[in-house]
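Listing of data08.txt, compact mmCIF, C-alpha atoms
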```
# COMPACT_ATOMS: atom_id res chain seq x y z
CA MET A 1056 25.93 23.58 -17.18
CA GLY A 1057 24.28 20.34 -16.14
CA ILE A 1058 21.07 18.34 -16.20
CA VAL A 1059 18.54 17.75 -13.42
CA LEU A 1060 16.44 14.56 -13.56
CA SER A 1061 12.88 15.04 -12.34
CA HIS A 1062 9.26 13.81 -12.34
CA THR A 1063 8.77 10.25 -13.66
CA THR A 1064 12.48 9.76 -14.30
CA ALA A 1065 13.37 10.66 -10.72
CA ARG A 1066 10.57 8.43 -9.48
CA ALA A 1067 11.99 5.50 -11.47
CA VAL A 1068 15.43 6.14 -9.98
CA TYR A 1069 14.08 6.04 -6.42
CA GLN A 1070 12.16 2.85 -7.18
CA THR A 1071 15.39 1.14 -8.15
CA VAL A 1072 17.08 -0.27 -5.06
CA HIS A 1073 20.54 1.19 -4.33
CA SER A 1074 20.52 3.39 -7.47
CA ILE A 1075 21.17 6.47 -5.32
CA ALA A 1076 23.16 4.78 -2.54
CA ARG A 1077 25.79 3.54 -4.99
CA SER A 1078 26.62 7.04 -6.14
CA GLY A 1079 26.59 8.57 -2.69
CA ILE A 1080 24.78 11.73 -1.68
CA GLU A 1081 26.64 14.97 -2.23
CA PRO A 1082 25.45 18.57 -1.94
CA CYS A 1083 24.64 20.42 -5.14
CA SER A 1084 25.81 23.92 -5.96
CA ASP A 1085 23.25 26.58 -6.86
CA ALA A 1086 24.88 26.98 -10.28
CA ALA A 1087 24.57 23.27 -11.07
CA ILE A 1088 20.84 23.41 -10.36
CA PHE A 1089 19.58 26.83 -11.39
CA LYS A 1090 21.79 27.13 -14.50
CA SER A 1091 21.04 23.63 -15.76
CA HIS A 1092 20.55 23.42 -19.53
CA PRO A 1093 19.90 20.00 -21.08
CA SER A 1094 21.95 19.22 -24.18
CA ARG A 1095 22.19 16.20 -26.47
CA LYS A 1096 25.39 15.10 -24.76
CA LEU A 1097 23.94 15.53 -21.25
CA VAL A 1098 20.79 13.61 -22.17
CA ASP A 1099 22.90 10.77 -23.58
CA ASP A 1100 25.06 10.81 -20.44
CA ALA A 1101 21.93 10.62 -18.27
CA LEU A 1102 20.58 7.71 -20.31
CA ARG A 1103 23.86 5.86 -19.82
CA TRP A 1104 23.75 6.51 -16.06
CA LEU A 1105 20.20 5.15 -15.89
CA ALA A 1106 21.20 2.05 -17.86
CA ILE A 1107 24.26 1.38 -15.70
CA HIS A 1108 22.12 1.58 -12.54
CA ASN A 1109 19.39 -0.64 -14.01
CA VAL A 1110 16.73 2.04 -13.77
CA GLU A 1111 13.64 0.86 -15.62
CA ALA A 1112 11.61 3.53 -17.39
CA ASP A 1113 8.45 3.21 -19.43
CA GLU A 1114 9.19 1.96 -22.92
CA ASN A 1115 9.82 4.81 -25.40
CA ALA A 1116 9.11 7.38 -22.66
CA PRO A 1117 11.43 10.40 -22.70
CA ILE A 1118 13.57 11.21 -19.69
CA GLU A 1119 12.18 14.17 -17.75
CA THR A 1120 14.34 17.08 -16.65
CA MET A 1121 13.88 20.33 -14.76
CA VAL A 1122 15.13 23.85 -15.50
CA PHE A 1123 14.54 27.21 -13.83
CA GLU A 1124 14.98 29.51 -16.83
CA ARG A 1125 12.93 29.44 -20.00
CA ASN A 1126 16.04 29.87 -22.11
CA GLY A 1127 17.10 26.51 -20.69
CA MET A 1128 14.36 24.77 -22.66
CA ARG A 1129 15.63 22.53 -25.45
CA ASN A 1130 13.71 20.61 -28.09
CA LEU A 1131 15.63 17.36 -27.80
CA THR A 1132 14.50 13.92 -28.92
CA GLY A 1133 13.91 11.64 -25.95
CA CYS A 1134 13.81 14.48 -23.42
CA ARG A 1135 10.91 16.38 -21.84
CA THR A 1136 11.84 19.56 -19.96
CA HIS A 1137 9.78 21.16 -17.18
CA VAL A 1138 10.25 24.82 -16.29
CA SER A 1139 9.90 25.62 -12.59
CA THR A 1140 8.84 29.13 -11.66
CA LYS A 1141 9.70 28.38 -8.02
CA ARG A 1142 13.25 28.05 -6.80
CA PHE A 1143 13.89 25.42 -4.18
CA SER A 1144 16.89 25.21 -1.91
CA SER A 1145 19.83 23.40 -3.49
CA SER A 1146 19.63 21.01 -0.51
CA ARG A 1147 16.49 19.62 -2.20
CA PHE A 1148 18.64 18.10 -4.95
CA VAL A 1149 21.09 15.20 -5.04
CA LYS A 1150 24.30 15.07 -7.06
CA LEU A 1151 24.72 11.89 -9.13
CA THR A 1152 27.76 12.88 -11.20
CA ASP A 1153 29.56 16.15 -11.92
CA ASP A 1154 27.00 16.96 -14.63
CA ILE A 1155 23.90 15.02 -13.52
CA SER A 1156 21.68 15.82 -10.54
CA ILE A 1157 18.27 14.65 -9.42
CA VAL A 1158 15.45 16.20 -7.40
CA GLY A 1159 15.44 15.00 -3.80
CA VAL A 1160 12.88 12.51 -2.50
CA GLU A 1161 10.56 15.14 -0.99
CA LEU A 1162 10.59 17.27 -4.15
CA CYS A 1163 10.03 14.12 -6.23
CA ALA A 1164 7.00 13.39 -4.02
CA LEU A 1165 5.61 16.88 -4.66
CA GLN A 1166 6.08 16.50 -8.42
CA ALA A 1167 4.26 13.15 -8.31
CA ALA A 1168 1.19 15.02 -7.06
CA THR A 1169 1.03 16.86 -10.39
CA TYR A 1170 0.56 13.72 -12.52
CA LEU A 1171 -0.60 10.80 -10.32
CA PRO A 1172 -4.30 10.21 -9.49
CA PHE A 1173 -5.02 10.54 -5.77
CA ARG A 1174 -5.11 6.80 -4.95
CA LYS A 1175 -1.85 6.14 -6.77
CA LEU A 1176 -0.30 9.17 -5.08
CA VAL A 1177 -1.17 7.81 -1.62
CA GLU A 1178 0.19 4.40 -2.61
CA TYR A 1179 3.43 6.01 -3.82
CA TYR A 1180 3.88 8.00 -0.60
CA PHE A 1181 3.44 4.79 1.40
CA GLU A 1182 6.26 3.27 -0.67
CA LEU A 1183 8.57 6.25 -0.06
CA CYS A 1184 7.93 6.01 3.70
CA GLY A 1185 7.95 2.20 3.74
CA ALA A 1186 10.64 -0.47 3.88
CA TYR A 1187 10.15 -1.75 0.34
CA SER A 1188 10.44 -0.72 -3.30
CA LEU A 1189 7.92 -1.79 -5.92
CA LYS A 1190 8.95 -2.89 -9.36
CA THR A 1191 7.56 -1.02 -12.36
CA GLY A 1192 4.54 -2.40 -14.19
CA SER A 1193 1.88 -4.71 -12.77
CA THR A 1194 4.15 -7.25 -11.09
CA THR A 1195 3.64 -8.04 -7.40
CA SER A 1196 7.36 -8.46 -6.74
CA TYR A 1197 9.17 -5.94 -4.55
CA SER A 1198 12.55 -5.41 -2.91
CA GLU A 1199 13.30 -4.60 0.71
CA ARG A 1200 15.18 -1.41 1.47
CA PRO A 1201 15.25 1.28 4.18
CA ALA A 1202 12.58 3.98 3.98
CA LEU A 1203 13.57 6.89 1.72
CA THR A 1204 11.77 9.52 3.78
CA THR A 1205 9.21 9.88 6.57
CA THR A 1206 5.75 11.38 6.89
CA ALA A 1207 7.22 14.06 9.19
CA ARG A 1208 9.77 15.14 6.58
CA LEU A 1209 7.17 15.21 3.82
CA LYS A 1210 4.75 17.24 5.97
CA HIS A 1211 7.51 19.69 6.93
CA PHE A 1212 8.50 20.21 3.28
CA PHE A 1213 4.90 20.67 2.11
CA ASN A 1214 4.22 23.13 4.95
CA THR A 1215 7.15 25.34 3.91
CA LEU A 1216 5.60 25.86 0.47
CA SER A 1217 2.78 28.02 -0.83
CA ALA A 1218 1.06 28.41 -4.21
CA CYS A 1219 2.90 25.46 -5.74
CA ASP A 1220 1.75 22.94 -8.35
CA GLY A 1221 0.64 19.69 -6.73
CA LEU A 1222 0.65 21.11 -3.20
CA ILE A 1223 -3.07 20.66 -2.45
CA PRO A 1224 -3.28 16.94 -3.39
CA ALA A 1225 0.11 16.32 -1.73
CA ARG A 1226 -1.11 17.74 1.60
CA LYS A 1227 -4.33 15.76 1.32
CA ALA A 1228 -2.46 12.52 0.53
CA ILE A 1229 0.05 12.80 3.38
CA LYS A 1230 -2.82 12.64 5.91
CA CYS A 1231 -3.42 9.02 4.84
CA ILE A 1232 0.22 7.88 5.10
CA ARG A 1233 1.83 5.92 7.91
CA ASP A 1234 5.53 5.14 8.28
CA ASP A 1235 7.32 1.79 8.10
CA CYS A 1236 4.93 -0.44 6.17
CA ARG A 1237 6.98 -3.54 5.37
CA SER A 1238 5.29 -4.74 2.19
CA PRO A 1239 2.85 -3.61 -0.52
CA MET A 1240 0.19 -5.90 0.98
CA GLU A 1241 0.50 -4.19 4.36
CA THR A 1242 0.20 -0.83 2.61
CA ALA A 1243 -2.90 -2.08 0.78
CA PHE A 1244 -4.65 -2.95 4.04
CA VAL A 1245 -3.65 0.24 5.86
CA MET A 1246 -4.95 2.28 2.92
CA MET A 1247 -8.37 0.66 3.43
CA LEU A 1248 -8.34 2.11 6.96
CA THR A 1249 -6.85 5.58 6.40
CA MET A 1250 -8.22 6.65 3.02
CA PRO A 1251 -11.09 9.19 3.12
CA LYS A 1252 -14.62 7.79 3.34
CA ASN A 1253 -15.54 9.25 -0.04
CA GLU A 1254 -12.69 7.14 -1.48
CA GLY A 1255 -13.93 3.93 0.17
CA GLY A 1256 -11.68 4.01 3.24
CA LEU A 1257 -12.71 4.32 6.88
CA GLY A 1258 -10.92 7.64 7.35
CA ILE A 1259 -9.20 6.50 10.58
CA ARG A 1260 -6.60 9.01 11.75
CA ALA A 1261 -5.59 7.60 15.17
CA LEU A 1262 -3.71 4.65 13.65
CA GLU A 1263 -0.06 3.67 13.87
CA THR A 1264 1.81 0.99 11.96
CA ASP A 1265 4.55 -1.25 13.35
CA TYR A 1266 3.51 -0.08 16.84
CA GLU A 1267 5.58 -1.45 19.73
CA ILE A 1268 3.85 -2.86 22.83
CA LYS A 1269 5.87 -4.11 25.81
CA VAL A 1270 4.53 -7.23 27.50
CA ALA A 1271 3.08 -6.30 30.90
CA ASN A 1272 3.49 -8.39 34.04
CA VAL A 1273 -0.07 -9.69 33.74
CA ALA A 1274 0.85 -11.45 30.48
CA LYS A 1275 4.45 -12.53 31.09
CA GLY A 1276 3.44 -16.09 31.87
CA LEU A 1277 1.54 -16.34 28.56
CA THR A 1278 4.36 -15.62 26.13
CA ARG A 1279 8.11 -15.97 25.72
CA ARG A 1280 8.36 -12.52 24.17
CA THR A 1281 9.05 -9.23 25.90
CA LYS A 1282 7.35 -7.03 23.31
CA PHE A 1283 5.06 -7.18 20.28
CA TYR A 1284 4.83 -5.13 17.10
CA MET A 1285 1.34 -4.39 15.80
CA ASP A 1286 0.73 -4.19 12.06
CA ALA A 1287 -1.96 -1.53 12.53
CA TYR A 1288 -2.86 -0.25 15.98
CA LEU A 1289 -6.12 1.65 16.47
CA LYS A 1290 -5.46 3.93 19.44
CA ARG A 1291 -9.08 4.93 19.98
CA SER A 1292 -10.39 1.38 20.40
CA ARG A 1293 -7.11 -0.25 21.55
CA VAL A 1294 -7.37 -2.79 18.75
CA ASP A 1295 -4.49 -4.55 17.01
CA ILE A 1296 -5.24 -5.39 13.39
CA GLU A 1297 -3.05 -8.15 12.02
CA TYR A 1298 -2.69 -9.22 8.42
CA ASN A 1299 -1.82 -12.94 8.20
CA GLY A 1300 -0.13 -13.95 4.97
CA PHE A 1301 1.01 -17.39 3.85
CA HIS A 1302 3.79 -17.62 6.44
CA HIS A 1303 1.17 -17.75 9.22
CA ASP A 1304 -0.21 -21.06 7.89
CA THR A 1305 2.45 -23.29 9.43
CA GLU A 1306 1.64 -25.12 12.66
CA GLU A 1307 4.47 -23.38 14.53
CA ASN A 1308 3.36 -19.90 13.44
CA ARG A 1309 -0.25 -20.64 14.32
CA ALA A 1310 0.90 -21.52 17.82
CA ILE A 1311 2.89 -18.26 18.05
CA ASP A 1312 -0.14 -16.27 16.85
CA GLU A 1313 -2.35 -17.91 19.47
CA GLU A 1314 0.19 -17.14 22.19
CA ARG A 1315 0.34 -13.53 21.04
CA LYS A 1316 -3.45 -13.24 20.96
CA ASN A 1317 -3.80 -14.56 24.51
CA ALA A 1318 -1.10 -12.23 25.86
CA LEU A 1319 -2.55 -9.12 24.22
CA ALA A 1320 -6.05 -10.03 25.39
CA ALA A 1321 -4.75 -10.33 28.97
CA MET A 1322 -3.37 -6.78 28.65
CA GLY A 1323 -6.73 -5.47 27.46
CA TYR A 1324 -6.07 -5.20 23.73
CA GLY A 1325 -8.54 -6.38 21.12
CA ILE A 1326 -7.36 -8.23 18.02
CA VAL A 1327 -8.84 -8.35 14.54
CA THR A 1328 -7.14 -10.77 12.17
CA ILE A 1329 -7.51 -10.67 8.42
CA SER A 1330 -6.22 -13.52 6.28
CA ARG A 1331 -5.02 -13.30 2.72
CA HIS A 1332 -8.11 -15.25 1.63
CA SER A 1333 -10.43 -12.74 3.31
CA PHE A 1334 -8.64 -9.80 1.74
CA MET A 1335 -8.78 -11.32 -1.73
CA HIS A 1336 -12.55 -12.00 -1.62
CA ALA A 1337 -15.19 -9.30 -1.40
CA GLU A 1338 -17.77 -10.76 1.00
CA PRO A 1339 -15.48 -12.00 3.84
CA PHE A 1340 -13.47 -8.77 3.56
CA ALA A 1341 -16.61 -6.64 3.91
CA ARG A 1342 -17.45 -8.54 7.11
CA VAL A 1343 -13.98 -7.87 8.57
CA MET A 1344 -14.28 -4.18 7.73
CA GLU A 1345 -17.69 -4.12 9.42
CA VAL A 1346 -16.07 -5.42 12.63
CA ILE A 1347 -13.42 -2.67 12.51
CA GLN A 1348 -16.04 -0.07 11.72
CA ARG A 1349 -18.06 -1.05 14.79
CA LYS A 1350 -15.02 -1.13 17.10
CA GLU A 1351 -14.09 2.39 15.97
CA GLY A 1352 -17.66 3.60 16.48
CA ILE A 1353 -18.07 4.69 12.86
CA ARG A 1354 -21.79 5.12 12.37
CA PRO A 1355 -23.32 4.00 9.05
CA SER A 1356 -25.22 7.31 8.96
CA ARG A 1357 -21.90 9.14 8.66
CA LEU A 1358 -20.79 7.14 5.64
CA PRO A 1359 -21.54 8.10 2.01
CA LYS A 1360 -24.66 6.49 0.56
CA ASN A 1361 -22.60 4.52 -1.96
CA PHE A 1362 -19.92 3.61 0.60
CA LYS A 1363 -20.02 -0.18 0.10
CA ALA A 1364 -19.50 0.22 -3.64
CA LYS A 1365 -16.65 2.69 -3.02
CA GLN A 1366 -15.09 0.33 -0.48
CA GLU A 1367 -15.12 -2.55 -2.96
CA GLU A 1368 -13.72 -0.28 -5.66
CA LEU A 1369 -10.86 0.71 -3.34
CA ARG A 1370 -10.21 -2.93 -2.38
CA LYS A 1371 -9.85 -3.85 -6.04
CA PHE A 1372 -7.51 -0.92 -6.58
CA VAL A 1373 -5.12 -1.68 -3.72
CA LEU A 1374 -5.10 -5.37 -4.70
CA ARG A 1375 -5.03 -4.86 -8.47
CA ARG A 1376 -1.54 -6.30 -8.93
CA HIS A 1377 -2.38 -9.33 -6.79
CA LEU A 1378 -5.73 -9.88 -8.52
CA GLU A 1379 -4.07 -9.67 -11.93
CA GLU A 1380 -1.36 -12.07 -10.77
CA LYS A 1381 -4.07 -14.42 -9.49
CA LYS A 1382 -5.76 -14.37 -12.91
CA ARG A 1383 -2.44 -15.05 -14.64
CA LEU A 1384 -1.74 -17.99 -12.33
CA GLU A 1385 -5.23 -19.41 -12.80
CA GLU A 1386 -4.90 -19.13 -16.58
CA LYS A 1387 -1.48 -20.82 -16.46
CA ILE A 1388 -2.90 -23.63 -14.30
CA ARG A 1389 -5.77 -24.08 -16.77
CA ARG A 1390 -3.41 -24.26 -19.76
CA ASP A 1391 -1.09 -26.65 -17.93
CA ARG A 1392 -4.03 -28.89 -17.03
CA GLU A 1393 -5.24 -28.95 -20.63
CA GLU A 1394 -1.75 -29.76 -21.86
CA ARG A 1395 -1.39 -32.61 -19.34
CA ASN A 1396 -4.78 -33.99 -20.37
CA ARG A 1397 -3.78 -33.87 -24.04
CA ILE A 1398 -0.48 -35.64 -23.36
CA ASP A 1399 -2.18 -38.29 -21.21
CA TYR A 1400 -4.81 -38.86 -23.91
CA GLU A 1401 -2.24 -39.23 -26.70
CA LYS A 1402 -0.16 -41.56 -24.54
CA ALA A 1403 -3.25 -43.70 -23.86
CA LEU A 1404 -3.90 -43.93 -27.61
CA LEU A 1405 -0.32 -44.97 -28.28
CA ASP A 1406 -0.46 -47.58 -25.52
CA GLY A 1407 -3.67 -48.99 -26.95
CA VAL A 1408 -5.68 -48.23 -23.86
CA LEU A 1409 -8.17 -46.21 -25.91
CA ASP A 1410 -9.47 -46.71 -29.44
CA ASP A 1411 -8.95 -43.91 -31.89
CA PRO A 1412 -12.35 -42.15 -31.87
CA LEU A 1413 -11.81 -40.93 -35.44
CA ILE A 1414 -11.76 -44.39 -37.04
CA ASN A 1415 -15.54 -44.80 -37.34
CA THR A 1416 -16.51 -41.15 -37.31
CA VAL A 1417 -19.11 -40.05 -39.85
CA PRO A 1418 -17.95 -36.95 -41.74
CA GLU A 1419 -19.44 -33.79 -40.32
CA ILE A 1420 -22.19 -32.07 -42.26
CA ASP A 1421 -21.15 -28.98 -44.14
CA ASP A 1422 -22.86 -26.00 -42.53
CA MET A 1423 -23.90 -24.76 -45.97
CA GLN A 1424 -24.93 -28.15 -47.42
CA THR A 1425 -28.60 -28.69 -48.41
CA PHE A 1426 -30.10 -32.16 -48.31
CA GLU A 1427 -32.99 -32.85 -50.64
CA HIS A 1428 -35.33 -35.76 -50.01
CA GLN A 1429 -36.38 -36.84 -53.51
CA THR A 1430 -39.18 -39.26 -54.39
CA PRO A 1431 -38.64 -41.15 -57.72
CA ARG A 1432 -41.36 -40.44 -60.30
CA ALA A 1433 -42.81 -43.12 -62.51
CA ASP A 1434 -41.92 -41.25 -65.66
CA ASN A 1435 -38.47 -40.38 -64.36
CA ALA A 1436 -39.27 -36.75 -65.04
CA ARG A 1437 -38.00 -34.18 -62.56
CA GLY A 1438 -40.77 -32.60 -60.55
CA PRO A 1439 -40.71 -29.42 -58.54
CA ALA A 1440 -37.67 -29.06 -56.34
CA PRO A 1441 -38.53 -30.40 -52.89
CA ASP A 1442 -37.97 -28.32 -49.79
CA GLY A 1443 -34.44 -28.54 -48.48
CA LYS A 1444 -33.13 -28.27 -44.90
CA VAL A 1445 -30.06 -26.15 -44.15
CA PHE A 1446 -27.91 -27.19 -41.15
CA GLY A 1447 -25.90 -24.68 -39.21
CA ALA A 1448 -27.89 -21.55 -39.95
CA GLY A 1449 -28.68 -19.79 -36.68
CA ILE A 1450 -27.93 -22.88 -34.58
CA GLU A 1451 -26.03 -22.38 -31.34
CA LEU A 1452 -23.43 -25.05 -30.81
CA LYS A 1453 -23.67 -26.85 -27.49
```
Let me see whether you can do it: turn the structure in this file into structure tokens.
Amino acid sequence: MGIVLSHTTARAVYQTVHSIARSGIEPCSDAAIFKSHPSRKLVDDALRWLAIHNVEADENAPIETMVFERNGMRNLTGCRTHVSTKRFSSSRFVKLTDDISIVGVELCALQAATYLPFRKLVEYYFELCGAYSLKTGSTTSYSERPALTTTARLKHFFNTLSACDGLIPARKAIKCIRDDCRSPMETAFVMMLTMPKNEGGLGIRALETDYEIKVANVAKGLTRRTKFYMDAYLKRSRVDIEYNGFHHDTEENRAIDEERKNALAAMGYGIVTISRHSFMHAEPFARVMEVIQRKEGIRPSRLPKNFKAKQEELRKFVLRRHLEEKKRLEEKIRRDREERNRIDYEKALLDGVLDDPLINTVPEIDDMQTFEHQTPRADNARGPAPDGKVFGAGIELK
């Protein structure tokens, strides 16, 4: 008897740096996998393991497990069990403890295709094949770690399967993936190039990330380096696309970038540079993508009619965490500015620099108060009630 962690729980484990490495990777026996039956004790043991290894799961979400026999189903609080009608090799599972196992990375990737929308699925596969791990939620923070798998291993696993849940979107998604992206921002940009045109991408297939170029003799006098690594290399047009983040803003790094540009140009390579500012703003980004589109010979007639709208929609998706973070920072800056202004104002009042504006203030008019302009009568008798004027009704405050 044992328990096999799967689906979103397995995904959370793999997103937690070193959670698997700490326990080591051991082969699983067929009995431990195919005879697994979750129980209250095993679920509690799994929850403790997740807590010890700092695995963050969605709040109040049950842990997800996998069984291969319907009699292994259990109605347990805090546990959701999936029944698999297909038996995978026991090599597709990883042993965590004597009683707890987890689906392997490739099987976890296949399961993700059953519940993630296509764009998020592609993003997740980039993470599995990349050198970073995203945190859960909307934060932009990430941790560096070695890649958990490769596009070749994912393709091989998917190609060995047939008639399996999630297989069609998984095979479609893997066509967009490239190995060794070093950050979520690099993934975001490469997705703009490799995603299908009907998703807002350029659908470029002949593209490699972290591509190594040795410096040829013709450029050796132009640089101190012996080789360069290209963020995204377009083989068809021999173009190096570089994403320049904040670290490129220093004077020293600008000089290195210029040296690199001159050396690559001497060797016959084109260079397209995109800055963080261009990526974060729609109009300059559209112009950069137009340059790439022309260099790759992608004709506008072969793009969907609503391509520009789809492209902007995809840009907002891949940058959603950064755009949300930008909004949070802008709101914090606004609140901090207002608080500083309030403190400065109160300090000025205390120091006598400013007069208290409330000293001679006339009381505000009640929105519901009616003022009557009365004319005294000779006989002091009350005449008809004069017309009154109501302030505040239907008036937009400036």
Next item on the list: Find the residues around Asn1253 (chain A) up to 10 Å (only C-alpha atoms counted), leave out those fewer than 3 positions away in its own chain, and share them as JSON, numbers by chain.
Entry: {"A": [1250, 1256, 1257, 1258, 1358, 1359, 1360, 1361, 1362, 1365, 1366]}
Next item on the list: Name all residues at most 9 Å from region 1126-1134 of chain A (count only C-alpha atoms; drop same-chain ones fewer than 2 positions away) and give them as a VMD selection string.
Entry: chain A and resid 1090 to 1095 1098 1115 to 1120 1122 to 1124 1136 to 1138
Could you write those residues out with C-alpha atoms, as a compact mmCIF listing (two decimals), in the coordinates of the input?
```
# COMPACT_ATOMS: atom_id res chain seq x y z
CA LYS A 1090 21.79 27.13 -14.50
CA SER A 1091 21.04 23.63 -15.76
CA HIS A 1092 20.55 23.42 -19.53
CA PRO A 1093 19.90 20.00 -21.08
CA SER A 1094 21.95 19.22 -24.18
CA ARG A 1095 22.19 16.20 -26.47
CA VAL A 1098 20.79 13.61 -22.17
CA ASN A 1115 9.82 4.81 -25.40
CA ALA A 1116 9.11 7.38 -22.66
CA PRO A 1117 11.43 10.40 -22.70
CA ILE A 1118 13.57 11.21 -19.69
CA GLU A 1119 12.18 14.17 -17.75
CA THR A 1120 14.34 17.08 -16.65
CA VAL A 1122 15.13 23.85 -15.50
CA PHE A 1123 14.54 27.21 -13.83
CA GLU A 1124 14.98 29.51 -16.83
CA THR A 1136 11.84 19.56 -19.96
CA HIS A 1137 9.78 21.16 -17.18
CA VAL A 1138 10.25 24.82 -16.29
```
Margin query: Please compute the CA of Cys1184 (chain A)-CA of Asp1234 (chain A) distance, one decimal, in Å.
Written below: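 So the answer is 5.2 Å.
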Note to self: Please compute the CA of Arg1390 (chain A)-CA of Ala1403 (chain A) distance, one decimal, in Å.
What the structure shows: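 Atom-to-atom, CA of Arg1390 (chain A) to CA of Ala1403 (chain A), that is 19.9 Å.
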Check: What is the distance between CA of Leu1319 (chain A) and CA of Gln1348 (chain A), in Å to one decimal?
Finding: 20.5 Å
Next item on the list: Would you kindly return, as a list in words, each protein, DNA or RNA residue with an atom no farther than 12 Å from any atom of Leu1216 (chain A), considering all atoms listed in the file and excluding same-chain residues fewer than 4 positions away?
Entry: Lys1141, Arg1142, Phe1143, Ser1144, Glu1161, Leu1162, Leu1165, Leu1209, Lys1210, His1211, Phe1212, Asp1220, Gly1221, Leu1222, Ile1223, Ala1225 and Arg1226 of chain A
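The closest residue to Asp1154 (chain A), picked from A:Ser1061, A:Thr1242, A:Ser1084, A:Ser1198 and counting only C-alpha atoms, is A:Ser1084.
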Item checked: For Met1246 (chain A): contacts at 10 Å, only C-alpha atoms, fewer than 6 positions along chain excluded, given as a ChimeraX atom specification -> /A:1174,1177-1178,1181,1231-1233,1240,1255-1259,1369-1370,1373
Residue selection dump (C-alpha atoms) as a CSV table (one decimal), in the frame of the given file:
```csv
chain,number,residue,atom,x,y,z
A,1174,ARG,CA,-5.1,6.8,-5.0
A,1177,VAL,CA,-1.2,7.8,-1.6
A,1178,GLU,CA,0.2,4.4,-2.6
A,1181,PHE,CA,3.4,4.8,1.4
A,1231,CYS,CA,-3.4,9.0,4.8
A,1232,ILE,CA,0.2,7.9,5.1
A,1233,ARG,CA,1.8,5.9,7.9
A,1240,MET,CA,0.2,-5.9,1.0
A,1255,GLY,CA,-13.9,3.9,0.2
A,1256,GLY,CA,-11.7,4.0,3.2
A,1257,LEU,CA,-12.7,4.3,6.9
A,1258,GLY,CA,-10.9,7.6,7.4
A,1259,ILE,CA,-9.2,6.5,10.6
A,1369,LEU,CA,-10.9,0.7,-3.3
A,1370,ARG,CA,-10.2,-2.9,-2.4
A,1373,VAL,CA,-5.1,-1.7,-3.7
```
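With all atoms listed in the file as the atoms that count, the minimum distance from His1377 (chain A) to the choices A:Ile1296, A:Leu1289, A:Ala1243, A:Leu1277 is reached by A:Ala1243.
Between Leu1151 (chain A) and the residues A:Gly1185, A:Pro1201, A:Gly1057, A:Pro1172, the shortest atom-to-atom distance, using all atoms listed in the file, involves A:Gly1057.
Among the candidates A:Asp1235, A:Asp1153, A:Phe1213, A:Val1160, the one nearest to Ala1186 (chain A) when counting only C-alpha atoms is A:Asp1235.
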Next item on the list: Counting only C-alpha atoms, figure out which residue out of A:Leu1384, A:Leu1189, A:Met1335, A:Ala1318 gets nearest to Arg1237 (chain A).
Entry: A:Leu1189
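Shortest separation to Cys1163 (chain A) among A:Ala1320, A:Leu1060, A:Ala1112, A:Met1344 occurs at residue A:Leu1060, atoms counted being all atoms listed in the file.
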Note to self: List as a PyMOL selection string the protein and nucleic acid residues near Ile1157 (chain A), meaning an atom at most 12 Å away when only C-alpha atoms are counted, but skip any in the same chain fewer than 5 places from it.
What the structure shows: chain A and resi 1057-1069+1074-1075+1078+1080-1083+1087-1088+1091+1101+1104-1105+1118-1122+1145-1152+1162-1163
